[in-house]
Structure formats: structure tokens, C-alpha cells
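Right, one structure below, let's go through it.
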Amino acid sequence: MGFSGLVAQILLLRELLIVFSGNELCIGIILANWLILEAFGSYVLGRRVEISKFKLEAFTVITIIFSLSLLIAIYQTRILKGVIGISIGESIGFLTMFYSSFLVLFAVSILHGALFTYSCRIYSQFSSPNASSVGRVYVYETVGTIIGGVVCTYFLIPYYNTFQVATGLVLMNFIICLVLLAPVWKKGLFSKTVLVVLSVLTFFSGYLLFAGKTDILHNYSIKSQWKNQNIVHYQNSQYGNICILENQGQYIFFLDGIPNIITPIPDIPSIEEFVHLPLLAHPAPSRILILSGGAGGIINEALKYPSIEAIEYAELDPLLLDLLRKFPTPLTESELNDKRVKIKHVDGRLLLKTTQNKYDLIFIGIQEPSSLQSNRFFTNEFFSLAKEKLNKDGILVIGLPGSLTYLNKELRNLNSCIFNTLESVFSHIRVFPGDGRNLFLSSDSQEITQIDTIKITERLIQRNIKADVIVPWYIEKKLHQGWQDWFTHFLEGGSKKINSDFTPVGLFYSISHWNAVFAPSLRGVFSQLERINTGSVVIMFVVLILLHFFFRSKKRQFFKKSITFSIITTGFAGMIFDLIIIFTFQSIYGYVFSWIGILVAFFMAGAACGAMIITTVLARIRNCLKLFIKIELAIICFSFAFPFVILAAHEHLRHLDVFFIFRMIFLVISFISGLLTGSQFPLANKLYLQNSKNLSQTAGLLYAFDLLGGWIGGILGAVVLLPILGLTGTCITVGLLKLISFNIIATQPNRHLLGGGT
């Protein structure tokens, strides 16, 4: 059950990420919806196990429907954009992400949640009918989750398509259910019927898998997803998804659903402006660095300059360049085969960190900080690193969304935030506003502020540059002083914040901008969210703690409510810890998709160990409540210590050995956070069962509240806490929330009686 749950979760997560343009913050929304639906299934559907006469058969039926629902959900995900009316390559707002992922996950998650409660009840029939049996099921499920994370990440996804993996999972579940039902097949008509249906489905799923019929379903769903476009290649890599469309010799390379490269005829006006204005602004460009997006036009235009001696081009995913060679065009062939071009299959920030070279120009081929991965190239830390690698007259070149006609607050805040961040690092900044993209040139040399139409035109002629768009009259229009004054006026009243790795406000403004375009009804919500800060959060929680001391209940039955509230806050903390680890890892390394399975696996391993340790000694614990309170305190301390550990280690990441070793710290942190959150569940069950004798209802209820807390954490963490408060503010929020539940539990009347005894 645990193995099936995590593999299903990873498959659907990756498929939804393609639909949601690779935005990592949607991970929180997807996981949150998964958890709330599991909670509903665990408590509402799972509690029917008590009135079921055929518990094992019912468990099998639910497993069958869960397995088949997974195949349907994958297909639904691939046709999702067409169903909700979103064009190919169009971004999706948070509200649409929420309800569409909720509908896709609905059946799969609810049924998987019900399986937990059924498992607890069935297992208790063959074990002791008390809290320890619930704890063991929790541990066994977590062990399956760990195995699922590792196997799916390293053995399934790299070699098989999504439908092959899902069908294999279905077959495995059906075979296990056949083994479970084998001893009871003679009990009655219902048992025999279930066994016959299961046998037929097992044979059919095996036929689909081993006869290669899953490829038919895979290809058909892909055609539906891309609205019957001519798909010449579709493949997942450990860094994302690449889909290539072809139309009359023109190739479009989509990365996670977003058009990235167009060959052999790219967007010439945009590329020429992005390349030639910075190169003409430099007195003598010789060595340049292009971080991402260089193939398909940018390199070609840069190679027109006779003074260029070397172009280093960093592209993280080697599959992209392999596919550019697999589907060659004259443009890409000339770019990638030129002797002056040195291709590096490495993350751009890692290349800057490790290289001893210095450059005349550094081009950032990423359009905007629309995800955690791309935001890493628009932060104070990155700009400082780039500055160190520039020569005396060196120029850093970035682009941001812009418009000369449709202006809004969100677009202003995005541009002003990144402008402020550049200004905090570089002495001089020159901006060329545009309809579609604003071009930012940053340098410590005054050269970029002194260039004018005459100088740029002279260099264009002297260097014998042949261009379609960058011609003298266009240069005169682009460099007109009126546009500089207009842009300065445009930034007035914009955000004064600085974008950083661990406080990615640039990402928040980018999301706000896209939501203003695609979901304008949420503009007011995002405007209010922007006002949240760590200080206001601290004040709110202090007030709540004080209110508890003045109005706390002295009724004994309040104890059960306090246990459930504590489990909710622990579920909230667990989800936030998981998101913070993903968020921080992506901010530092930029390739979390290749590590997300192992990070989740270590978190779940910690949860399994915590639950296993407590379950093993549960019968010998004299005062469960006292230990429960100590774990509450440990989670609080962990929350407050987390950012200090990360920030302290981050200061030493300039050393390469520390940089690579630091990844192990993430695994340790994942394990510890899982250990703390997982160890409370068995204790909570025993404490709750002191006043309730219904084991399956208690297990389903507390499991549901645990998942409810995770749902709240996923939504708030992805949309509010991480983008606005950043690493430190989010950890403080978790610590303060757990401090409330700690106070509620620790100040219970007659506390020594509530948790005592074995």
C-alpha cells in the first residue's frame, strides 16, 4: 500500500508538473490535495470497515478501483489543458492548479486513504487489537513508501514511460490481492466473484504490460495532450520533460510544457535585440558565457562578432542538446559545431562557482524567475557571483517580462524588485524597455550608461554585423532618452524588496504577474498576501498563546481535542519541512527533480524509524503524555534551528568540497524531520484510545487529522510562506504554531492522570 501510494504520487506529480509549466511551488498544492483527499478517504470511507462483513474482500475491491483510477488519472492529466481550455505553452494560475489537481487526484487519493484504515482493522485481527497494531501498519506503510521512492526514482522513471510504470504497479497490486484472497476463496459467492474478477483483471493488465499495449495508450494520450500536433519526440529526463513538435521543417522544443527553443527560424527580433545591444555596448567583446537557452539563435548571433574568441554555453540537461543533434537544422549545426563554442552539461550557477575564467559578457537565457530553479539566476547571491566572474568592462545581461502598453502593478513590482537587486550589486544599470521583454544591462563600468545611438551605430558598421532588426533606425528608436525616462517613471511606487535565494520575492512577483494575466480575480488576494511579514506573524501567534492562557478549558474531554490539534500541527510541520527541504535544495543546486525521490525517501525513513521505535516500546512507556510533550518541544527546537543550520552552512558553499558534501546534510535533515513527526502518531493513538475503544475509528480519525495538517501546510507553504516569508520566516511560523499546541497540551488540568499508566 505504501509503495503503491508513493509511486502513484510521483507519477501524477511529474505529469501535473508538465501541465503546470514546471513550477515547483505547485508541488505544495498537489501534495496538499493528495493529503486532504487521503484524510477524507481514511476517516469517512475507511470507517465503514467496522460494518463490513467481508473486510479482506472489501480491501481488495478498493485496491482494484484505486489501481484502475491511477491509469485514468494519468490520462486525465494529459488531456487537462484541453478540458479547461488552456492553450499549448500557456501558464496556469494557482486557482486553476488547485481545482484541476484536486479533480485529477480525487479518486486515487480517497481510495488510498481508505486502504490505511482497512489495513489497520484487518491487521489487528491477526495481531493485538490496540494502538501498537496501528503503529505497526503506519511503519509498514512508511517502509513501502521508502522503497517506492527509491525504486521509482532510480529504476522506473529513467527507463519506462508513465503508463508502463503505472500498469506494472497495477499488476503487482492485483497479484498481491490474489495471494491475500487465496485462503478465503471458498467462503461464499461474494469472495468467489471478487476472486474471478481479480483474476481476469490480472491477466488483462499482464497482457497490456508484456505485449507492449501500454505504448499505444501512452502515444494516444500524448497526442491528446498536444492536440494532435506532430510530435516527433517525447521523453522524461531526471531534470524534466522534453517534447518536440515539428511543422514543415520547423521544430519547437518544449521544456515542461513551455516553448524553449525554436529552430531553424527562431524569434529573430527578440534574439537579435537580446544579443546585439549588449555586445555593441561592450568596447571589445572576446569571451562570453551563456547560461541556458543559448542554442537556437543566441549563439548564432554572437558568433557574428569577429572579436569573439570563446563562447561557453551551460545547459543542465544533456538530453536537450542530444535531441538538438538528433533533429538537426542548419542553425543548430552551425552553433554547436563551431570550434569557439564550448558546451558544458552543468548547472549555470555551479559553472560560475567552479570556473577560473572571467568573461566580458554573461547572458542569462532564462526569461524570468517563474520557478525556484529559474529564480536562482535573479537573486542577490547570483548577481554577486556573476560580478566576480566579469572582466573590468564586463556586462551581465538578463531579460524580464515587459510591456509598453499593458501595465499593471504586478509587472511593476517584478521589474522593480529585480532592478533593486541588481542595484544592490552593480554600480551601473541600463534598461532597454520593450514590448514583451525589458533588457537589463548591469556593470561596474560607466560604459553602459554612456553609450548612445552614434556609438552603437558606429560599432555595428565597424564590426560588419549583418542583422535583420538591429539596424541604425531601430537603434535610434531603442536608445531614445524618452524610453529611459519612461521606465524610471514606471518603476516609481514599485517594490523596494531585494530578491534572494532563501527569500524569493522575485518568484512571488512573477507568480502574481501571471495570475493577474490568467486569473485576474485573484489580484486582490495576492495584493493582500504581499503585506504579510515575519513580524506580523510573530505578533499574531503571541496573541493566540496569550488568549489560550486566559480562556483555556478545564474540561477533561478537551484533552482529546488537544491531541487532535497537536496532530494537525504536526502534519502541518511535516509538510512544511518537506517543502522547505525541496525549496532549499532547489535554491542551492537547481536539480531537485533528480533528488526529490531520495529526499522524500529519507523523510519517510525517518518517519518509519520514529514510529517503529515508539511502537516497539509503547507497552512499556509509563507516561505517554510526558513523552508526547517532549516530542512537541523537540519539533519546536528543530523548527527554530533549521534556518540557522542552512544559513551557516550556506556561507561555506564557495568551497567545492563543502558544496557537494552539503547535499548529505539535506538527507540528514530530511531523516530527522521525519523522525520527529512520525514518532508522535503511535503515542497519539494510545492517548486517544484511553477515552475511545474504537480502534479503526481512532486510527482513521488521527490519520485524517495528520493529513489535514499536511494539506494546510501544502497550500500555505507553497503560495504564502515560502515565497513571501522565505526560509527563516517559514520556520519561525512552524515553530510558533507548534508552540501553541505545546502550551495547550502542557497546561492540561490533571495532566499527570491523563497520560499515565500502560
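How things are named: the first chain in the C-alpha cells is A, the next is B, and so on; residues count from 1 in each chain; ligands count from 1 in the order shown.
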
What lies within 9 Å of A:Gly402 using only C-alpha atoms, ignoring chain neighbours under 6 positions off, as a PyMOL selection string?
chain A and resi 411-412+415+433-439

Residue contacts of A:Glu368 (12 Å, only C-alpha atoms) excluding same-chain residues fewer than 5 positions away, as a ChimeraX atom specification:
/A:373-379,398-402,411,414-415,418,436-440,506-511,513-514

Dump as an mmCIF file, in the first residue's frame, selection limited to C-alpha atoms:
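Heads up, here's the output in result-v7.cif:
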data_model
loop_
_atom_site.group_PDB
_atom_site.id
_atom_site.type_symbol
_atom_site.label_atom_id
_atom_site.label_comp_id
_atom_site.auth_asym_id
_atom_site.auth_seq_id
_atom_site.Cartn_x
_atom_site.Cartn_y
_atom_site.Cartn_z
ATOM 1 C CA GLN A 373 15.040 26.820 -10.465
ATOM 2 C CA SER A 374 14.932 29.959 -12.632
ATOM 3 C CA ASN A 375 14.730 32.335 -9.651
ATOM 4 C CA ARG A 376 18.253 31.239 -8.698
ATOM 5 C CA PHE A 377 19.515 33.349 -11.645
ATOM 6 C CA PHE A 378 17.808 36.564 -10.476
ATOM 7 C CA THR A 379 18.940 36.768 -6.845
ATOM 8 C CA ILE A 398 19.130 39.485 -18.256
ATOM 9 C CA GLY A 399 15.600 39.895 -19.560
ATOM 10 C CA LEU A 400 12.278 40.309 -17.790
ATOM 11 C CA PRO A 401 8.668 40.462 -18.990
ATOM 12 C CA GLY A 402 7.796 43.943 -20.179
ATOM 13 C CA LEU A 411 4.619 43.790 -13.670
ATOM 14 C CA LEU A 414 8.568 42.255 -10.665
ATOM 15 C CA ASN A 415 10.777 44.654 -12.621
ATOM 16 C CA ILE A 418 14.949 42.682 -9.804
ATOM 17 C CA GLY A 436 7.416 41.644 -24.471
ATOM 18 C CA ARG A 437 10.813 41.867 -22.780
ATOM 19 C CA ASN A 438 12.778 44.501 -20.880
ATOM 20 C CA LEU A 439 16.523 44.160 -21.381
ATOM 21 C CA PHE A 440 18.737 44.820 -18.334
ATOM 22 C CA GLY A 506 11.005 37.775 -7.303
ATOM 23 C CA LEU A 507 9.293 34.413 -7.736
ATOM 24 C CA PHE A 508 6.250 35.690 -5.840
ATOM 25 C CA TYR A 509 6.015 38.771 -8.079
ATOM 26 C CA SER A 510 6.402 36.615 -11.189
ATOM 27 C CA ILE A 511 3.562 34.371 -9.992
ATOM 28 C CA HIS A 513 2.045 38.828 -12.630
ATOM 29 C CA TRP A 514 0.953 35.628 -14.363
#

Do you know which residues are at most 7 Å from stretch 48-65 of chain A counting only C-alpha atoms, after dropping those on the same chain fewer than 2 positions away, and could you put them as number ranges by chain?
A: 45-46, 67-69, 111, 115, 118, 122, 177, 191, 194

Write the selection just made, keeping N, CA and C atoms, as a PDB file, in the first residue's frame?
ATOM      1  N   LEU A  45     -14.580   7.106   4.354  1.00  0.00           N
ATOM      2  CA  LEU A  45     -14.753   5.826   3.670  1.00  0.00           C
ATOM      3  C   LEU A  45     -14.166   4.672   4.482  1.00  0.00           C
ATOM      4  N   GLY A  46     -13.027   4.923   5.133  1.00  0.00           N
ATOM      5  CA  GLY A  46     -12.357   3.872   5.886  1.00  0.00           C
ATOM      6  C   GLY A  46     -13.128   3.384   7.097  1.00  0.00           C
ATOM      7  N   SER A  67      -6.213   1.107  -8.202  1.00  0.00           N
ATOM      8  CA  SER A  67      -5.237   0.825  -9.249  1.00  0.00           C
ATOM      9  C   SER A  67      -5.731   1.295 -10.610  1.00  0.00           C
ATOM     10  N   LEU A  68      -6.993   0.998 -10.923  1.00  0.00           N
ATOM     11  CA  LEU A  68      -7.556   1.419 -12.205  1.00  0.00           C
ATOM     12  C   LEU A  68      -7.718   2.946 -12.265  1.00  0.00           C
ATOM     13  N   SER A  69      -8.019   3.549 -11.124  1.00  0.00           N
ATOM     14  CA  SER A  69      -8.167   5.010 -11.074  1.00  0.00           C
ATOM     15  C   SER A  69      -6.856   5.715 -11.382  1.00  0.00           C
ATOM     16  N   LEU A 111      -9.297   6.697  -2.247  1.00  0.00           N
ATOM     17  CA  LEU A 111      -9.227   5.241  -2.112  1.00  0.00           C
ATOM     18  C   LEU A 111      -7.970   4.798  -1.386  1.00  0.00           C
ATOM     19  N   LEU A 115      -7.610   2.703   2.288  1.00  0.00           N
ATOM     20  CA  LEU A 115      -6.822   1.481   2.446  1.00  0.00           C
ATOM     21  C   LEU A 115      -6.068   1.452   3.773  1.00  0.00           C
ATOM     22  N   TYR A 118      -8.575   0.399   6.539  1.00  0.00           N
ATOM     23  CA  TYR A 118      -8.886  -1.017   6.354  1.00  0.00           C
ATOM     24  C   TYR A 118      -7.701  -1.885   6.775  1.00  0.00           C
ATOM     25  N   ILE A 122      -7.848  -4.845   9.584  1.00  0.00           N
ATOM     26  CA  ILE A 122      -7.556  -6.227   9.181  1.00  0.00           C
ATOM     27  C   ILE A 122      -6.323  -6.745   9.913  1.00  0.00           C
ATOM     28  N   CYS A 177      -3.137  -9.112  -4.158  1.00  0.00           N
ATOM     29  CA  CYS A 177      -4.509  -9.345  -3.701  1.00  0.00           C
ATOM     30  C   CYS A 177      -4.948 -10.786  -3.963  1.00  0.00           C
ATOM     31  N   SER A 191     -16.938 -13.661  -2.216  1.00  0.00           N
ATOM     32  CA  SER A 191     -15.496 -13.908  -2.255  1.00  0.00           C
ATOM     33  C   SER A 191     -15.081 -14.509  -3.591  1.00  0.00           C
ATOM     34  N   VAL A 194     -15.292 -11.801  -6.395  1.00  0.00           N
ATOM     35  CA  VAL A 194     -14.144 -10.886  -6.330  1.00  0.00           C
ATOM     36  C   VAL A 194     -12.893 -11.557  -6.885  1.00  0.00           C
TER      37      VAL A 194
END

Got a sec: who's within 8 Å of stretch 596-602 of chain A, counting only C-alpha atoms, leaving out chain neighbours fewer than 2 positions off, as a list in words?
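After dropping sequence-adjacent residues, the list is Ile10, Thr145, Ile146, Ile147, Gly149, Val150, Cys152, Thr153, Asp578, Ile581, Ile582, Val592, Phe593, Ser594, Met604, Ala605, Gly606, Phe666, Leu667, Val668, Ser670, Phe671 and Gly674 of chain A.
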
Would you please work out which residue, of A:Val104, A:Leu291, A:Ile454, A:Leu169, is nearest to A:Gln367 when using only C-alpha atoms?
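Smallest separation from A:Gln367 among the options: A:Leu291.
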
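In this structure, atom CA of A:Gln76 sits 21.3 Å away from atom CA of A:Leu245.
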
Just the strand (DSSP E) stuff from stretch 282-374 of chain A, please, per backbone DSSP, written as a VMD selection string.
chain A and resid 287 to 291 310 to 314 341 to 344 359 to 364

Give the alpha helix (DSSP H) residues of stretch 37-145 of chain A, as DSSP finds them on the backbone, and put them as an MDAnalysis selection string.
chainID A and resid 37:40 55:78 80:84 94:125 131:145

Counting only C-alpha atoms, which residue out of A:Thr457, A:Ser679, A:Thr488, A:Asn685 sits closest to A:Lys560?
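So, comparing all the options, the nearest one is A:Asn685.
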
So which residues touch A:Asn413 within 8 Å, counting only C-alpha atoms, skipping near sequence neighbours fewer than 5 positions away, as JSON, numbers by chain?
{"A": [491, 494, 495, 509]}

For A:Ala314, list every protein, DNA or RNA residue within 7 Å, evaluated using only C-alpha atoms, and leave out those in the same chain fewer than 6 positions away; present the list as number ranges by chain.
A: 290-292, 343-348

A straight line from atom CA of A:Thr449 to atom CA of A:Lys389 spans 20.7 Å
